[in-house]
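Containing compact mmCIF, C-alpha atoms: entry_32.txt.
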# COMPACT_ATOMS: atom_id res chain seq x y z
CA MET P 9 -6.05 0.18 25.97
CA ASN P 10 -2.53 0.29 27.40
CA TYR P 11 -3.30 -2.72 29.59
CA HIS P 12 -4.50 -4.72 26.58
CA PHE P 13 -1.35 -3.86 24.62
CA GLN P 14 0.74 -4.88 27.62
CA ALA P 15 -1.15 -8.19 27.74
CA HIS P 16 -0.55 -8.66 24.01
CA ARG P 17 3.19 -8.11 24.39
CA GLN P 18 3.26 -10.62 27.25
CA VAL P 19 1.40 -13.41 25.44
CA ARG P 20 3.63 -12.82 22.42
CA LYS P 21 6.72 -13.07 24.66
CA ASN P 22 5.37 -16.36 26.03
CA LEU P 23 4.81 -17.68 22.50
CA LEU P 24 8.29 -16.53 21.49
CA ASP P 25 9.76 -18.38 24.48
CA ILE P 26 8.15 -21.63 23.28
CA LEU P 27 9.46 -21.05 19.76
CA GLN P 28 13.00 -20.39 20.98
CA ASP P 29 13.15 -22.99 23.78
CA THR P 30 11.76 -25.96 21.84
CA SER P 31 13.68 -28.07 19.37
CA HIS P 32 12.78 -27.69 15.69
CA GLU P 33 11.70 -31.34 15.60
CA ASP P 34 9.39 -30.93 18.62
CA LEU P 35 7.84 -27.71 17.27
CA LEU P 36 6.63 -29.64 14.21
CA LEU P 37 5.59 -32.86 15.97
CA ILE P 38 1.84 -33.43 16.24
CA PRO P 39 1.26 -35.10 19.62
CA ASP P 40 -1.27 -37.90 20.00
CA GLY P 41 -4.75 -36.48 20.46
CA PHE P 42 -4.01 -33.20 18.62
CA ASN P 43 -4.56 -32.23 14.98
CA ASN P 44 -1.83 -29.59 14.82
CA ASN P 45 1.52 -28.72 16.39
CA MET P 46 3.13 -25.99 18.49
CA TYR P 47 4.47 -24.24 15.42
CA TRP P 48 1.04 -24.08 13.75
CA ASN P 49 -0.55 -22.69 16.92
CA ILE P 50 2.02 -19.91 17.14
CA ALA P 51 1.94 -19.02 13.43
CA HIS P 52 -1.87 -19.12 13.54
CA THR P 53 -1.90 -16.36 16.16
CA VAL P 54 0.01 -14.05 13.82
CA ALA P 55 -2.27 -14.83 10.86
CA THR P 56 -5.45 -14.38 12.90
CA GLN P 57 -4.26 -11.11 14.43
CA GLN P 58 -3.82 -9.71 10.93
CA LEU P 59 -7.29 -10.85 9.86
CA LEU P 60 -9.05 -9.56 12.99
CA HIS P 61 -7.31 -6.19 13.01
CA TYR P 62 -6.33 -5.32 9.46
CA TYR P 63 -8.69 -7.22 7.18
CA LEU P 64 -11.81 -6.34 9.17
CA SER P 65 -10.80 -2.67 9.24
CA GLY P 66 -10.25 -2.61 5.47
CA ASN P 67 -6.50 -2.14 5.75
CA PRO P 68 -3.66 -4.04 4.06
CA PHE P 69 -1.94 -6.81 5.96
CA ARG P 70 1.35 -5.90 7.62
CA ILE P 71 2.80 -9.33 6.77
CA ASP P 72 3.14 -11.40 3.62
CA LYS P 73 -0.08 -13.13 2.56
CA TYR P 74 1.80 -16.44 2.75
CA TRP P 75 1.35 -16.40 6.54
CA ILE P 76 -2.39 -15.72 6.28
CA GLU P 77 -3.04 -18.40 3.66
CA THR P 78 -0.87 -21.01 5.37
CA TYR P 79 -1.94 -20.49 8.99
CA LYS P 80 -5.47 -19.06 9.00
CA LYS P 81 -8.34 -20.95 10.61
CA GLY P 82 -9.06 -24.23 8.85
CA THR P 83 -5.52 -24.83 7.60
CA MET P 84 -3.48 -27.92 8.38
CA PRO P 85 0.03 -27.80 9.82
CA ASN P 86 2.96 -27.77 7.43
CA LEU P 87 5.34 -30.48 8.63
CA ASN P 88 8.13 -29.29 6.36
CA VAL P 89 8.93 -25.90 7.92
CA GLN P 90 12.50 -24.71 7.44
CA LYS P 91 14.50 -23.18 10.29
CA SER P 92 14.56 -19.87 8.39
CA GLU P 93 10.75 -19.73 8.57
CA VAL P 94 10.89 -20.28 12.34
CA GLU P 95 13.27 -17.31 12.54
CA ASP P 96 10.87 -15.25 10.44
CA LEU P 97 8.04 -16.14 12.81
CA GLU P 98 10.15 -15.09 15.79
CA PHE P 99 10.56 -11.68 14.14
CA LEU P 100 6.85 -11.41 13.25
CA LEU P 101 5.70 -12.20 16.80
CA THR P 102 7.47 -9.13 18.12
CA GLU P 103 7.13 -6.78 15.17
CA THR P 104 3.42 -7.23 14.47
CA SER P 105 2.70 -6.38 18.10
CA LYS P 106 4.77 -3.15 17.86
CA ILE P 107 3.20 -2.22 14.51
CA LEU P 108 -0.31 -2.80 15.88
CA MET P 109 0.33 -0.34 18.71
CA LYS P 110 1.72 2.29 16.31
CA ASP P 111 -1.18 1.81 13.90
CA TYR P 112 -3.70 2.06 16.73
CA ASP P 113 -2.10 5.25 18.05
CA SER P 114 -2.19 6.81 14.57
CA ASP P 115 -5.93 6.05 14.17
CA PHE P 116 -5.30 3.56 11.38
CA PHE P 117 -8.42 1.55 12.29
CA SER P 118 -11.14 4.19 11.88
CA ASP P 119 -13.45 1.78 10.03
CA TYR P 120 -14.29 -1.67 11.32
CA THR P 121 -16.59 -4.30 9.84
CA PRO P 122 -18.53 -6.05 12.63
CA TYR P 123 -17.76 -9.75 12.89
CA THR P 124 -18.97 -12.63 15.02
CA THR P 125 -16.16 -15.03 15.89
CA SER P 126 -16.53 -18.80 15.92
CA PHE P 127 -16.08 -18.45 19.68
CA GLY P 128 -19.40 -16.56 19.72
CA MET P 129 -18.04 -13.08 20.41
CA ASP P 130 -19.34 -10.06 18.50
CA LEU P 131 -16.54 -7.71 17.46
CA LYS P 132 -17.86 -4.24 16.70
CA SER P 133 -14.67 -2.15 16.92
CA ILE P 134 -10.91 -2.40 16.80
CA GLN P 135 -10.92 -2.26 20.61
CA ASP P 136 -13.17 -5.33 20.74
CA ALA P 137 -10.87 -7.08 18.25
CA ILE P 138 -7.73 -6.30 20.27
CA ILE P 139 -9.28 -7.60 23.49
CA PHE P 140 -10.65 -10.73 21.79
CA ASN P 141 -7.35 -11.35 20.01
CA ASN P 142 -5.55 -11.47 23.37
CA MET P 143 -7.99 -14.15 24.51
CA HIS P 144 -7.52 -16.04 21.23
CA GLU P 145 -3.72 -15.92 21.46
CA SER P 146 -3.84 -17.04 25.09
CA LEU P 147 -5.99 -20.01 24.08
CA HIS P 148 -3.40 -21.05 21.48
CA TYR P 149 -0.60 -20.48 23.97
CA GLY P 150 -2.41 -22.97 26.22
CA TYR P 151 -2.66 -25.46 23.35
CA ALA P 152 1.06 -25.10 22.61
CA MET P 153 1.91 -25.62 26.30
CA ALA P 154 -0.28 -28.74 26.40
CA GLN P 155 1.39 -30.03 23.23
CA LYS P 156 4.83 -29.43 24.70
CA ARG P 157 3.88 -31.34 27.85
CA ALA P 158 2.45 -34.17 25.76
CA ILE P 159 5.66 -34.43 23.74
CA LEU P 160 7.84 -34.38 26.84
CA GLY P 161 5.66 -37.15 28.27
CA GLU P 162 5.97 -39.20 25.09
CA LYS P 163 9.76 -38.91 25.27
CA GLY P 164 9.95 -39.72 28.98

For this file, produce the structure as structure tokens.
Amino acid sequence: MNYHFQAHRQVRKNLLDILQDTSHEDLLLIPDGFNNNMYWNIAHTVATQQLLHYYLSGNPFRIDKYWIETYKKGTMPNLNVQKSEVEDLEFLLTETSKILMKDYDSDFFSDYTPYTTSFGMDLKSIQDAIIFNNMHESLHYGYAMAQKRAILGEKG
């Protein structure tokens, strides 16, 4: 699983780079052809990671429920995000990855409720969920990169 945790840290670093290297205005802008923004895509990865790993294993979330309720699948982007919330998300991107590794190493996920994702993948264990979550976060990283390119094109 070390490779999968390394991949998780890397995708989170990539998401953090977008968050830190993009203006606040651009993070919240919904480009033509999209129904959300870069900020929503990044916050959504944190919310989904908590649901896939903690909720489905019967454990409490490691973040405030606000993030889950505001950024889970099916939510719409909040266009009124304060800079302090962006800073909180920067912290959560790094910390939830570290906490996941510690929880995994301490056998925190002994139970797991099987779940079929909307992507069509069957998750039967925490290992499945960790591997799938990396794919999910990479997908949203790709969306955020496409949105950034679209915004840069609109400004050019």

Sorted by chain and rising residue number, list the residues of stretch 61-149 of chain P at most 10 Å from stretch 26-30 of chain P (counting all atoms listed in the file), each with its closest atom pair and distance in Å to one decimal, as a tab-separated table.
residue	atom	partner	partner_atom	distance
P:Val94	CA	P:Leu27	CA	7.6
P:Glu95	CA	P:Leu27	CA	9.0
P:Leu97	CA	P:Leu27	CA	8.6
P:Glu98	CA	P:Leu27	CA	7.2
P:Tyr149	CA	P:Ile26	CA	8.9

List the neighbours of P:Phe117 out to 7 Å using all atoms listed in the file; skip same-chain residues closer than 2 positions along the sequence, and give me the result as a short mmCIF file (atom, residue, chain, number, x, y, z; two decimals) with C-alpha atoms, in the coordinates of the input.
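Here's the written file selection-v3.cif:
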data_model
loop_
_atom_site.label_atom_id
_atom_site.label_comp_id
_atom_site.auth_asym_id
_atom_site.auth_seq_id
_atom_site.Cartn_x
_atom_site.Cartn_y
_atom_site.Cartn_z
CA SER P 65 -10.80 -2.67 9.24
CA TYR P 112 -3.70 2.06 16.73
CA ASP P 115 -5.93 6.05 14.17
CA ASP P 119 -13.45 1.78 10.03
CA TYR P 120 -14.29 -1.67 11.32
CA ILE P 134 -10.91 -2.40 16.80
#

Using all atoms listed in the file, which residue out of P:Leu60, P:Met46, P:Ala152, P:Ile71 lies closest to P:Ile139?
P:Leu60

Which residue, P:Met9, P:Ala55, P:Leu101, P:Ile50, has the smallest gap to P:Lys21 when you use all atoms listed in the file?
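Of P:Met9, P:Ala55, P:Leu101, P:Ile50, the one nearest P:Lys21 is P:Leu101, counting all atoms listed in the file.
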
Using all atoms listed in the file, can you tell me which of P:His32, P:Leu131, P:Ser126, P:Tyr63 comes closest to P:Ile76?
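Closest candidate: P:Tyr63.
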
Could you please determine the separation between atom CA of P:Ala15 and atom CA of P:Phe42 in Å, to one decimal place?
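Between these atoms lies a distance of 26.8 Å.
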
Separation of atom CA of P:Asp25 and atom CA of P:Phe13, in Å?
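That distance, rounded to one decimal, is 18.3 Å.
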
Among the residues P:Ile107, P:Phe140, P:Tyr47, P:Pro68, the one that comes closest to P:Glu93 [using only C-alpha atoms]:
P:Tyr47

Quick one: everything within 8 Å of P:His16, counting all atoms listed in the file, minus sequence neighbours fewer than 3 positions away in the same chain. Send it as a PyMOL selection string.
chain P and resi 12-13+19-20+105+142

Which one of P:Asn44, P:Asn49, P:Ser31, P:Thr124 sits closest to P:His148 if you count only C-alpha atoms?
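Checking each of P:Asn44, P:Asn49, P:Ser31, P:Thr124 against P:His148, counting only C-alpha atoms, the winner is P:Asn49.
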
Can you work out the spacing between atom CA of P:Leu36 and atom CA of P:Asn88 in Å, to one decimal?
8.0 Å

Among listed residues P:Met153, P:Leu87, P:His61, P:Ser146, nearest P:Phe116 (using all atoms listed in the file)
P:His61

P:Trp48 environment, 10 Å, all atoms listed in the file, sequence neighbours closer than 5 positions dropped, as a list in words
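Within the cut-off, the hits are Leu35, Leu36, Ile38, Asn43, Thr53, Thr78, Tyr79, Lys80, Thr83, Met84, Pro85, Asn86, Leu87, Val89, His148 and Ala152 of chain P.
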